[in-house]
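As stored in target_34.tsv (TSV, C-alpha atoms):
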chain	number	residue	atom	x	y	z
A	1	MET	CA	14.70	19.66	-15.14
A	2	ARG	CA	12.84	21.60	-17.77
A	3	LYS	CA	12.18	24.37	-15.30
A	4	SER	CA	15.85	24.87	-14.55
A	5	ILE	CA	16.74	25.00	-18.21
A	6	ILE	CA	14.13	27.63	-18.84
A	7	ILE	CA	15.49	29.70	-16.00
A	8	ILE	CA	19.00	29.46	-17.37
A	9	LEU	CA	17.85	30.56	-20.79
A	10	LEU	CA	15.99	33.49	-19.37
A	11	THR	CA	19.06	34.54	-17.46
A	12	VAL	CA	21.21	34.34	-20.56
A	13	ALA	CA	18.67	36.27	-22.58
A	14	ALA	CA	18.36	38.94	-19.92
A	15	LEU	CA	22.10	39.41	-19.79
A	16	ALA	CA	22.10	39.86	-23.54
A	17	LEU	CA	19.88	42.92	-23.31
A	18	PRO	CA	21.50	45.85	-25.04
A	19	ILE	CA	22.09	48.88	-22.89
A	20	VAL	CA	20.06	51.82	-24.04
A	21	ASP	CA	22.18	54.67	-25.26
A	22	ALA	CA	21.84	57.24	-22.53
A	23	THR	CA	22.95	60.06	-24.77
A	24	ALA	CA	19.94	59.44	-26.95
A	25	ALA	CA	17.92	61.04	-24.24
A	26	THR	CA	17.98	64.77	-24.20
A	27	ARG	CA	18.86	66.92	-21.24
A	28	ALA	CA	15.21	67.58	-20.56
A	29	ALA	CA	14.30	67.53	-16.90
A	30	THR	CA	12.76	64.07	-16.73
A	31	ARG	CA	12.18	61.75	-19.61
A	32	LYS	CA	10.89	58.27	-19.81
A	33	VAL	CA	11.66	55.83	-22.61
A	34	VAL	CA	9.77	52.56	-22.78
A	35	VAL	CA	10.94	49.86	-25.15
A	36	SER	CA	9.52	46.38	-25.52
A	37	LYS	CA	11.79	43.92	-27.20
A	38	ARG	CA	11.73	40.23	-27.95
A	39	PHE	CA	14.70	38.00	-27.09
A	40	THR	CA	15.25	34.42	-28.05
A	41	GLY	CA	17.35	32.13	-25.96
A	42	SER	CA	19.75	29.64	-27.44
A	43	LEU	CA	18.52	26.26	-28.49
A	44	ALA	CA	18.96	23.93	-25.56
A	45	SER	CA	18.61	20.22	-25.47
A	46	VAL	CA	16.32	18.78	-22.88
A	47	GLN	CA	17.25	15.43	-21.51
A	48	GLN	CA	15.48	12.77	-23.54
A	49	TRP	CA	12.98	15.20	-24.93
A	50	GLY	CA	14.64	17.03	-27.80
A	51	SER	CA	15.31	20.73	-28.14
A	52	LEU	CA	13.73	23.62	-26.41
A	53	GLN	CA	14.01	27.32	-27.06
A	54	VAL	CA	12.54	30.16	-25.08
A	55	THR	CA	11.51	33.58	-26.28
A	56	ILE	CA	10.83	36.38	-23.86
A	57	VAL	CA	9.53	39.89	-24.20
A	58	VAL	CA	11.10	42.46	-21.95
A	59	ARG	CA	9.66	45.89	-21.37
A	60	LYS	CA	12.43	48.25	-20.49
A	61	THR	CA	11.74	51.59	-18.94
A	62	THR	CA	14.52	54.14	-18.92
A	63	THR	CA	13.87	57.16	-16.77
A	64	ILE	CA	16.30	60.00	-17.24
A	65	SER	CA	16.35	62.84	-14.81
A	66	GLY	CA	19.13	65.31	-15.51
A	67	THR	CA	22.29	63.22	-15.57
A	68	LYS	CA	20.74	60.38	-13.57
A	69	LYS	CA	19.44	57.40	-15.39
A	70	LYS	CA	17.33	54.60	-13.99
A	71	VAL	CA	16.61	51.47	-15.97
A	72	THR	CA	13.97	48.94	-14.98
A	73	ARG	CA	13.14	45.82	-16.91
A	74	HIS	CA	9.98	43.78	-16.71
A	75	LEU	CA	9.43	40.40	-18.24
A	76	THR	CA	6.10	40.72	-19.99
A	77	ALA	CA	5.85	37.47	-21.95
A	78	VAL	CA	7.46	34.10	-22.15
A	79	SER	CA	6.89	31.67	-24.97
A	80	VAL	CA	8.51	28.51	-26.14
A	81	PRO	CA	8.54	28.45	-29.95
A	82	THR	CA	10.68	25.33	-30.21
A	83	TYR	CA	10.16	22.45	-27.92
A	84	PRO	CA	10.66	18.77	-27.83
A	85	ASN	CA	8.35	16.91	-30.14
A	86	HIS	CA	10.02	13.61	-30.65
A	87	THR	CA	7.35	11.55	-29.04
A	88	ASN	CA	3.61	11.80	-28.77
A	89	ARG	CA	4.00	12.46	-25.11
A	90	SER	CA	6.31	15.37	-25.75
A	91	VAL	CA	3.89	16.84	-28.25
A	92	TYR	CA	1.17	16.65	-25.67
A	93	ILE	CA	3.36	18.42	-23.13
A	94	ASN	CA	4.05	21.17	-25.63
A	95	GLN	CA	0.43	21.79	-26.37
A	96	THR	CA	-0.75	21.89	-22.82
A	97	ALA	CA	1.79	21.94	-20.06
A	98	LEU	CA	4.16	24.73	-20.85
A	99	PRO	CA	1.71	27.58	-21.23
A	100	ILE	CA	-0.70	26.81	-18.43
A	101	LEU	CA	1.22	26.44	-15.20
A	102	LYS	CA	0.50	29.44	-13.01
A	103	ALA	CA	2.61	30.37	-10.02
A	104	GLU	CA	1.38	32.51	-7.15
A	105	ALA	CA	2.11	33.08	-3.50
A	106	LEU	CA	0.53	30.96	-0.82
A	107	ARG	CA	-2.24	32.77	0.98
A	108	ALA	CA	-4.56	31.76	3.74
A	109	GLN	CA	-8.29	32.22	3.62
A	110	SER	CA	-10.85	31.43	6.19
A	111	ALA	CA	-13.76	30.05	4.32
A	112	ASN	CA	-17.13	28.63	5.00
A	113	VAL	CA	-16.70	25.27	3.31
A	114	ASN	CA	-18.56	21.97	3.42
A	115	MET	CA	-15.48	19.77	3.34
A	116	VAL	CA	-11.72	20.11	3.64
A	117	SER	CA	-9.28	18.19	1.49
A	118	GLY	CA	-5.93	17.66	3.09
A	119	ALA	CA	-3.41	15.20	4.33
A	120	THR	CA	-4.77	15.78	7.84
A	121	ASP	CA	-6.41	12.46	8.35
A	122	SER	CA	-4.80	10.44	5.62
A	123	SER	CA	-2.23	8.99	7.96
A	124	ASP	CA	-2.64	5.69	6.19
A	125	ALA	CA	-1.10	3.06	8.27
A	126	PHE	CA	0.19	1.99	4.90
A	127	ALA	CA	2.58	4.88	4.88
A	128	GLN	CA	3.82	4.25	8.38
A	129	SER	CA	4.36	0.63	7.54
A	130	LEU	CA	6.13	1.56	4.33
A	131	GLN	CA	8.25	4.01	6.27
A	132	SER	CA	9.36	1.41	8.78
A	133	ALA	CA	9.98	-1.07	5.98
A	134	ILE	CA	12.18	1.44	4.21
A	135	LEU	CA	14.08	2.15	7.39
A	136	LYS	CA	14.63	-1.54	7.89
A	137	ALA	CA	15.75	-1.94	4.31
A	138	LYS	CA	18.24	0.87	4.75
A	139	GLN	CA	19.67	-0.69	7.89
A	140	ALA	CA	19.87	-4.18	6.43
B	141	MET	CA	-20.83	4.37	13.55
B	142	THR	CA	-21.99	7.90	14.06
B	143	VAL	CA	-25.15	9.35	12.60
B	144	ILE	CA	-25.17	13.11	12.59
B	145	THR	CA	-28.42	14.98	12.69
B	146	SER	CA	-28.71	18.64	11.97
B	147	GLY	CA	-30.97	21.13	10.32
B	148	LEU	CA	-29.59	20.17	6.91
B	149	PRO	CA	-31.52	18.05	4.45
B	150	GLY	CA	-30.49	14.42	4.06
B	151	VAL	CA	-28.30	12.35	6.34
B	152	ARG	CA	-24.66	12.18	7.43
B	153	ARG	CA	-22.80	9.15	8.68
B	154	VAL	CA	-19.19	8.72	9.85
B	155	GLU	CA	-17.30	5.49	10.36
B	156	GLN	CA	-13.66	4.61	10.90
B	157	ILE	CA	-12.63	2.25	8.10
B	158	MET	CA	-9.22	1.47	6.60
B	159	GLY	CA	-7.75	3.50	9.44
B	160	LEU	CA	-9.54	6.60	8.19
B	161	PRO	CA	-12.63	8.50	9.15
B	162	VAL	CA	-15.06	8.09	6.27
B	163	VAL	CA	-17.73	10.79	6.12
B	164	VAL	CA	-20.75	10.34	3.88
B	165	ASP	CA	-22.93	13.41	3.59
B	166	VAL	CA	-26.11	12.95	1.56
B	167	ARG	CA	-28.21	16.05	0.93
B	168	ASP	CA	-31.04	14.49	-1.06
B	169	GLU	CA	-34.41	14.50	0.65
B	170	GLU	CA	-35.20	10.89	-0.18
B	171	GLU	CA	-34.49	8.02	2.16
B	172	ALA	CA	-30.81	7.09	1.91
B	173	GLY	CA	-30.42	4.68	4.82
B	174	ALA	CA	-30.33	1.49	2.75
B	175	ALA	CA	-27.81	2.98	0.32
B	176	LEU	CA	-25.61	4.08	3.21
B	177	ASP	CA	-25.75	0.60	4.74
B	178	LYS	CA	-24.67	-0.85	1.41
B	179	LEU	CA	-21.93	1.74	1.04
B	180	PHE	CA	-20.39	1.04	4.46
B	181	ASP	CA	-20.73	-2.72	3.93
B	182	TRP	CA	-18.76	-2.25	0.74
B	183	LEU	CA	-16.00	-0.28	2.46
B	184	ARG	CA	-15.74	-2.86	5.23
B	185	TRP	CA	-15.45	-5.59	2.61
B	186	VAL	CA	-12.68	-3.58	0.90
B	187	ASP	CA	-10.86	-3.23	4.22
B	188	ALA	CA	-11.15	-6.95	4.94
B	189	THR	CA	-9.94	-7.85	1.45
B	190	PHE	CA	-7.13	-5.36	0.95
B	191	SER	CA	-5.81	-4.61	4.42
B	192	THR	CA	-2.16	-5.41	4.98
B	193	PHE	CA	-2.89	-5.56	8.71
B	194	LYS	CA	-5.46	-8.34	8.51
B	195	GLU	CA	-3.80	-11.70	8.21
B	196	ASP	CA	-6.60	-13.28	6.23
B	197	SER	CA	-6.98	-10.48	3.66
B	198	ASP	CA	-6.22	-11.39	0.06
B	199	ILE	CA	-3.27	-9.01	0.06
B	200	SER	CA	-1.75	-10.50	3.21
B	201	ARG	CA	-2.20	-14.00	1.80
B	202	ILE	CA	-0.57	-12.98	-1.47
B	203	ASN	CA	2.34	-11.49	0.49
B	204	ARG	CA	2.76	-14.68	2.50
B	205	GLY	CA	2.73	-16.77	-0.65
B	206	ARG	CA	-0.57	-18.40	0.29
B	207	LEU	CA	-2.54	-16.97	-2.61
B	208	ARG	CA	-1.46	-16.53	-6.18
B	209	ARG	CA	-2.42	-13.21	-7.72
B	210	GLU	CA	-4.26	-14.93	-10.53
B	211	ASP	CA	-6.36	-16.82	-7.99
B	212	ALA	CA	-7.35	-13.71	-6.04
B	213	GLN	CA	-10.83	-12.21	-6.29
B	214	PRO	CA	-11.50	-10.28	-9.50
B	215	GLN	CA	-11.56	-6.94	-7.68
B	216	VAL	CA	-8.11	-7.66	-6.25
B	217	ARG	CA	-6.68	-8.58	-9.63
B	218	GLN	CA	-8.23	-5.44	-11.10
B	219	VAL	CA	-6.71	-3.19	-8.44
B	220	LEU	CA	-3.26	-4.76	-8.75
B	221	GLU	CA	-3.32	-4.35	-12.53
B	222	HIS	CA	-4.42	-0.75	-12.11
B	223	CYS	CA	-1.49	-0.18	-9.71
B	224	GLU	CA	0.94	-1.50	-12.30
B	225	LEU	CA	-0.51	0.83	-14.94
B	226	LEU	CA	-0.21	3.78	-12.60
B	227	ARG	CA	3.37	2.88	-11.82
B	228	HIS	CA	4.21	3.22	-15.50
B	229	GLU	CA	2.13	6.34	-15.90
B	230	THR	CA	3.89	8.05	-12.98
B	231	ASP	CA	7.43	7.05	-13.98
B	232	GLY	CA	7.57	4.72	-10.99
B	233	TYR	CA	6.62	7.30	-8.39
B	234	PHE	CA	3.38	5.54	-7.57
B	235	ASP	CA	4.54	2.10	-6.55
B	236	MET	CA	2.74	-0.58	-4.56
B	237	HIS	CA	5.92	-2.62	-4.22
B	238	THR	CA	7.54	-2.20	-0.82
B	239	PRO	CA	11.29	-2.49	-0.26
B	240	ASN	CA	10.87	-5.90	1.37
B	241	GLY	CA	9.28	-7.37	-1.73
B	242	SER	CA	5.66	-7.22	-0.59
B	243	ILE	CA	2.85	-5.43	-2.29
B	244	ASP	CA	0.70	-2.78	-0.66
B	245	PRO	CA	-1.97	-1.33	-2.96
B	246	SER	CA	-3.46	0.88	-0.21
B	247	GLY	CA	-2.51	4.01	-2.12
B	248	LEU	CA	-5.02	3.11	-4.80
B	249	VAL	CA	-7.56	1.18	-2.75
B	250	LYS	CA	-8.87	4.18	-0.86
B	251	GLY	CA	-9.70	6.24	-3.93
B	252	TRP	CA	-10.95	3.26	-5.89
B	253	SER	CA	-13.26	2.17	-3.08
B	254	VAL	CA	-14.65	5.70	-2.74
B	255	ASP	CA	-15.35	5.79	-6.49
B	256	ARG	CA	-17.30	2.54	-6.09
B	257	ALA	CA	-19.03	3.92	-3.01
B	258	ALA	CA	-20.16	6.92	-5.06
B	259	ALA	CA	-21.53	4.52	-7.67
B	260	ILE	CA	-23.60	2.82	-4.95
B	261	LEU	CA	-25.18	6.18	-4.13
B	262	ASP	CA	-25.71	6.87	-7.85
B	263	ASP	CA	-27.46	3.53	-8.25
B	264	ALA	CA	-29.75	4.42	-5.37
B	265	GLY	CA	-30.83	7.51	-7.27
B	266	LEU	CA	-29.03	9.96	-4.98
B	267	ARG	CA	-27.76	13.05	-6.77
B	268	ASN	CA	-26.39	15.32	-4.04
B	269	TYR	CA	-23.69	13.85	-1.84
B	270	ALA	CA	-20.08	13.92	-0.67
B	271	VAL	CA	-18.02	10.86	0.26
B	272	ASN	CA	-14.89	11.93	2.14
B	273	ALA	CA	-12.28	9.36	3.19
B	274	GLY	CA	-9.65	11.05	5.30
B	275	GLY	CA	-9.57	14.27	3.28
B	276	ASP	CA	-9.90	12.71	-0.18
B	277	MET	CA	-13.38	12.84	-1.63
B	278	ARG	CA	-15.98	12.64	-4.34
B	279	VAL	CA	-18.70	15.26	-4.44
B	280	LEU	CA	-21.81	15.33	-6.60
B	281	GLY	CA	-24.65	17.79	-6.98
B	282	ARG	CA	-25.21	20.50	-4.44
B	283	ALA	CA	-24.82	20.94	-0.72
B	284	VAL	CA	-28.04	22.97	-0.63
B	285	PRO	CA	-30.25	23.68	-3.65
B	286	GLU	CA	-28.71	27.08	-4.31
B	287	LEU	CA	-25.06	26.19	-3.59
B	288	ALA	CA	-22.55	23.75	-5.06
B	289	TRP	CA	-20.29	21.79	-2.75
B	290	SER	CA	-17.62	24.05	-1.39
B	291	VAL	CA	-14.36	22.23	-0.66
B	292	GLY	CA	-11.43	23.90	1.06
B	293	ILE	CA	-7.88	22.80	0.37
B	294	GLN	CA	-6.14	22.77	3.69
B	295	HIS	CA	-3.45	25.38	4.19
B	296	PRO	CA	-0.36	23.29	4.92
B	297	LEU	CA	1.18	25.77	7.36
B	298	ASN	CA	-1.96	27.04	9.02
B	299	ARG	CA	-4.36	24.25	9.83
B	300	GLN	CA	-7.17	26.61	10.78
B	301	GLN	CA	-7.36	28.02	7.30
B	302	VAL	CA	-7.52	26.89	3.71
B	303	ALA	CA	-5.24	27.74	0.80
B	304	ALA	CA	-7.94	27.51	-1.87
B	305	VAL	CA	-11.65	26.88	-2.21
B	306	ILE	CA	-13.19	24.77	-4.95
B	307	GLU	CA	-16.86	24.94	-5.82
B	308	ALA	CA	-17.83	21.68	-7.48
B	309	THR	CA	-20.90	19.77	-8.58
B	310	ASP	CA	-19.15	16.61	-9.82
B	311	LEU	CA	-15.53	16.13	-8.86
B	312	ALA	CA	-12.95	13.95	-7.14
B	313	ILE	CA	-10.45	15.82	-4.96
B	314	ALA	CA	-7.32	14.29	-3.41
B	315	THR	CA	-4.53	15.93	-1.42
B	316	SER	CA	-1.19	14.39	-0.58
B	317	GLY	CA	0.99	16.15	1.93
B	318	ALA	CA	3.57	15.85	4.62
B	319	TYR	CA	2.23	18.33	7.11
B	320	SER	CA	-0.16	16.23	9.15
B	321	ARG	CA	1.52	13.42	10.99
B	322	GLY	CA	5.07	13.51	9.86
B	323	ASP	CA	6.27	12.59	6.44
B	324	HIS	CA	4.15	9.85	5.04
B	325	VAL	CA	4.82	9.81	1.35
B	326	TRP	CA	8.13	8.50	0.16
B	327	ASN	CA	10.00	8.88	-3.04
B	328	PRO	CA	10.53	5.26	-4.08
B	329	HIS	CA	13.57	6.28	-6.12
B	330	SER	CA	15.42	7.74	-3.16
B	331	ALA	CA	13.53	6.06	-0.27
B	332	ARG	CA	13.27	9.42	1.45
B	333	ALA	CA	10.47	11.81	2.16
B	334	PRO	CA	10.49	14.56	-0.45
B	335	ALA	CA	11.91	17.89	0.69
B	336	GLY	CA	10.75	21.30	-0.41
B	337	ILE	CA	7.15	20.36	-1.10
B	338	LEU	CA	4.21	20.69	1.27
B	339	SER	CA	1.23	19.32	-0.59
B	340	VAL	CA	-0.22	18.36	-3.94
B	341	THR	CA	-3.95	18.46	-4.62
B	342	VAL	CA	-5.28	16.75	-7.73
B	343	VAL	CA	-8.85	17.06	-9.01
B	344	GLY	CA	-10.66	15.22	-11.79
B	345	PRO	CA	-13.33	12.68	-12.57
B	346	GLU	CA	-12.05	9.69	-10.55
B	347	LEU	CA	-10.68	9.64	-7.04
B	348	ALA	CA	-8.56	6.53	-7.63
B	349	THR	CA	-6.58	8.33	-10.31
B	350	ALA	CA	-6.56	11.73	-8.60
B	351	ASP	CA	-5.23	10.20	-5.38
B	352	ALA	CA	-2.53	8.18	-7.14
B	353	TYR	CA	-1.45	11.23	-9.14
B	354	ALA	CA	-1.30	13.36	-5.98
B	355	THR	CA	0.79	10.74	-4.23
B	356	ALA	CA	3.15	10.39	-7.18
B	357	ALA	CA	3.52	14.14	-7.76
B	358	PHE	CA	4.23	14.71	-4.10
B	359	ALA	CA	6.93	12.05	-4.16
B	360	MET	CA	8.48	13.68	-7.25
B	361	GLY	CA	9.32	16.73	-5.18
B	362	PRO	CA	9.36	20.45	-5.92
B	363	ASP	CA	11.26	20.43	-9.21
B	364	ARG	CA	9.20	17.88	-11.05
B	365	ALA	CA	5.75	17.95	-9.50
B	366	PRO	CA	4.34	21.19	-10.99
B	367	HIS	CA	5.42	20.35	-14.53
B	368	TRP	CA	4.38	16.74	-14.29
B	369	THR	CA	0.89	17.67	-13.10
B	370	ALA	CA	0.55	20.23	-15.88
B	371	ARG	CA	0.53	17.50	-18.50
B	372	LEU	CA	-2.06	15.23	-16.92
B	373	GLN	CA	-5.04	14.59	-19.13
B	374	GLY	CA	-8.39	15.31	-17.55
B	375	TYR	CA	-6.89	16.20	-14.16
B	376	ASP	CA	-5.74	19.49	-12.67
B	377	ALA	CA	-3.47	20.14	-9.75
B	378	MET	CA	-2.30	22.62	-7.17
B	379	THR	CA	1.19	22.13	-5.74
B	380	ILE	CA	2.36	24.03	-2.66
B	381	LEU	CA	6.10	24.28	-2.21
B	382	ALA	CA	7.99	24.86	1.03
B	383	ASP	CA	8.95	28.37	-0.12
B	384	GLU	CA	5.19	29.12	-0.19
B	385	THR	CA	4.95	29.21	-3.94
B	386	VAL	CA	1.71	27.74	-5.25
B	387	PHE	CA	1.63	26.21	-8.72
B	388	LYS	CA	-1.75	25.65	-10.31
B	389	THR	CA	-2.41	24.02	-13.64
B	390	GLY	CA	-4.48	26.10	-16.02
B	391	GLY	CA	-7.77	24.33	-15.34
B	392	PHE	CA	-7.56	24.19	-11.57
B	393	PRO	CA	-11.12	25.09	-10.56
B	394	ASP	CA	-10.70	27.32	-7.49
B	395	GLU	CA	-12.57	30.60	-7.44
Is it possible to express this structure as structure tokens?
Amino acid sequence: MRKSIIIILLTVAALALPIVDATAATRAATRKVVVSKRFTGSLASVQQWGSLQVTIVVRKTTTISGTKKKVTRHLTAVSVPTYPNHTNRSVYINQTALPILKAEALRAQSANVNMVSGATDSSDAFAQSLQSAILKAKQA
Amino acid sequence: MTVITSGLPGVRRVEQIMGLPVVVDVRDEEEAGAALDKLFDWLRWVDATFSTFKEDSDISRINRGRLRREDAQPQVRQVLEHCELLRHETDGYFDMHTPNGSIDPSGLVKGWSVDRAAAILDDAGLRNYAVNAGGDMRVLGRAVPELAWSVGIQHPLNRQQVAAVIEATDLAIATSGAYSRGDHVWNPHSARAPAGILSVTVVGPELATADAYATAAFAMGPDRAPHWTARLQGYDAMTILADETVFKTGGFPDE
């Protein structure tokens, strides 16, 4: 839930980026303008948690070559200056959860390890029994 | 029972208990046979007491109305209370109550019994061991004097490889996933296997808690699991989504 709200805010903030005035660049052969700017999303309410507001920093690179202009934008920072703090639990989330979740791509490594943790062998009969019970409950 | 001998220090023993292969790997030089006997006796007692497949287990008798919870053995009462606490802590995603009104605390029993098994080894003065019950484990000390235990987190799409490696000297590691033998964790709120999520690994001091958290987070599915794990106190997590995104909490201890 929170994730989707953050994404929406980022989208809104990105759309609000001002377009750099191309004429500000001279007619020099190739010129590069790099601007970093901070944007704050609108205050959004998070179900049951209070309000949340996201600030992002966007680095915009404008490359002008003759009459051609190329603009690239990179998100360089995301912070959440206002977040839900109605309950102790929310405060805890604010202090720890939001800044420290790292996303990366799945990669495979072959490693010389002592043990492997996985769902491989944890085919608890419990789960199979629960599964059949659920199926029965759904058919009842 | 299988005793494995090799050039390594210590002793290894494997036994099928609770429907799982339990591997105990002790690397201390001192005699560990008596402690291992006690450990496997303990696990067999747990199986006999908590199994939902054994008619005379406390859990089966409770489910048949032959035993009141308050009259069960203290360990059973303790586990059932712990399950209720975890249900609240996980917003209902870890739930021992089955749709037909029975209870099945197996989701906690495995981790809890391994924590107690580790304590048996501690009491015997052993300081370098791993206790691995079907891919969920406690490790302590070092595999060899110069190296910590090295634990691979299975790659959910490529069983021959691992998706991360954790070096640990005192840690519980639990992985919940759907990639092994069909979907086996269910979202109790929707009664369906979660879609879009391949596995959740949780690490921390206790296996009982780590395992329950991994089960709950997996059942939460791809939208909630990463954020929910990020706010756990004392535990870190790695969540692998079906789109091959990996979310790690800030303290996840892989290299």
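If you look at atom CA of Ala288 of chain B and atom CA of Val113 of chain A, they are 10.3 Å away from each other.
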Legend entry - For Val71 of chain A: contacts at 7 Å, only C-alpha atoms, fewer than 5 positions along chain excluded, given as a ChimeraX atom specification: /A:60-63
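Using only C-alpha atoms, the nearest neighbour of chain A within the list B:Gly265, B:Gly374, B:Gly274, B:Pro285 is B:Gly274.
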Inset, instruction - Within 10 Å of Gln156 of chain B, counting only C-alpha atoms, which residues show up once you throw out same-chain ones fewer than 4 positions away? Write them as an MDAnalysis selection string, please. - result: chainID B and resid 141:142 160:163 180 184 273:274
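For the pair atom CA of Thr238 of chain B and atom CA of His222 of chain B, the interatomic distance is 16.5 Å.
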Legend entry - Residue nearest chain A among B:Val216, B:Leu226, B:Ile157, B:Ala174 (counting all atoms listed in the file): B:Ile157
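The space separating atom CA of Ala314 of chain B from atom CA of Asp276 of chain B comes to 4.4 Å.
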Inset, instruction - Would you list the contacts of segment 198-215 of chain B as number ranges by chain, taking every protein, DNA or RNA residue within 8 Å and counting all atoms listed in the file, but skipping same-chain residues closer than 5 positions in sequence? - result: B: 189-193, 242-244
Inset, instruction - Can you work out which one of B:Gly281, B:Gly390, B:Gly361, B:Gly344 has the shortest atom-to-atom distance to Tyr375 of chain B, counting all atoms listed in the file? - result: B:Gly344
Inset, instruction - Kindly provide, as a VMD selection string, the polymer residues lying within 6 Å of (-3.9, 23.6, -12.1), counting all atoms listed in the file and using the coordinates exactly as they appear in the file. - result: chain B and resid 376 to 378 388 to 392
Would you save the residues of that selection, restricted to C-alpha atoms, as a PDB file, in the coordinates of the input?
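Final output, saved to out_27.pdb:
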ATOM      1  CA  ASP B 376      -5.740  19.490 -12.670  1.00  0.00           C
ATOM      2  CA  ALA B 377      -3.470  20.140  -9.750  1.00  0.00           C
ATOM      3  CA  MET B 378      -2.300  22.620  -7.170  1.00  0.00           C
ATOM      4  CA  LYS B 388      -1.750  25.650 -10.310  1.00  0.00           C
ATOM      5  CA  THR B 389      -2.410  24.020 -13.640  1.00  0.00           C
ATOM      6  CA  GLY B 390      -4.480  26.100 -16.020  1.00  0.00           C
ATOM      7  CA  GLY B 391      -7.770  24.330 -15.340  1.00  0.00           C
ATOM      8  CA  PHE B 392      -7.560  24.190 -11.570  1.00  0.00           C
TER       9      PHE B 392
END
Legend entry - Surrounding residues of Ala270 of chain B excluding itself and chain neighbours under 4 positions, 9 Å, all atoms listed in the file, as number ranges by chain: A: 115; B: 163-167, 258, 277-281, 283, 289
If you count all atoms listed in the file, which residues fall within 6 Å of segment 105-108 of chain A, apart from same-chain ones fewer than 5 positions away, as a PDB file with C-alpha atoms, in the frame of the given file?
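Full text of part.pdb as output:
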ATOM      1  CA  GLN B 301      -7.360  28.020   7.300  1.00  0.00           C
ATOM      2  CA  VAL B 302      -7.520  26.890   3.710  1.00  0.00           C
ATOM      3  CA  ALA B 303      -5.240  27.740   0.800  1.00  0.00           C
ATOM      4  CA  GLU B 384       5.190  29.120  -0.190  1.00  0.00           C
ATOM      5  CA  THR B 385       4.950  29.210  -3.940  1.00  0.00           C
ATOM      6  CA  VAL B 386       1.710  27.740  -5.250  1.00  0.00           C
TER       7      VAL B 386
END
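Minimum distance to chain A across B:Ala359, B:Val305, B:Leu311, B:Val219 (counting all atoms listed in the file) occurs at B:Val305.
If only C-alpha atoms are the atoms counted, then among A:Lys32, A:Glu104, A:Gly118, A:Gln109 the closest residue to Lys68 of chain A is A:Lys32.
If you measure from each of B:His228, B:Arg153, B:Arg256, B:His237 to chain A using only C-alpha atoms, the closest one turns out to be B:His237.
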Box along x, y and z, 8 Å on every side, all listed atoms of segment 309-315 of chain B inside: centre and edge lengths in Å to one decimal, as JSON.
{"center_x": -12.7, "center_y": 16.9, "center_z": -5.6, "size_x": 32.4, "size_y": 21.8, "size_z": 24.4}
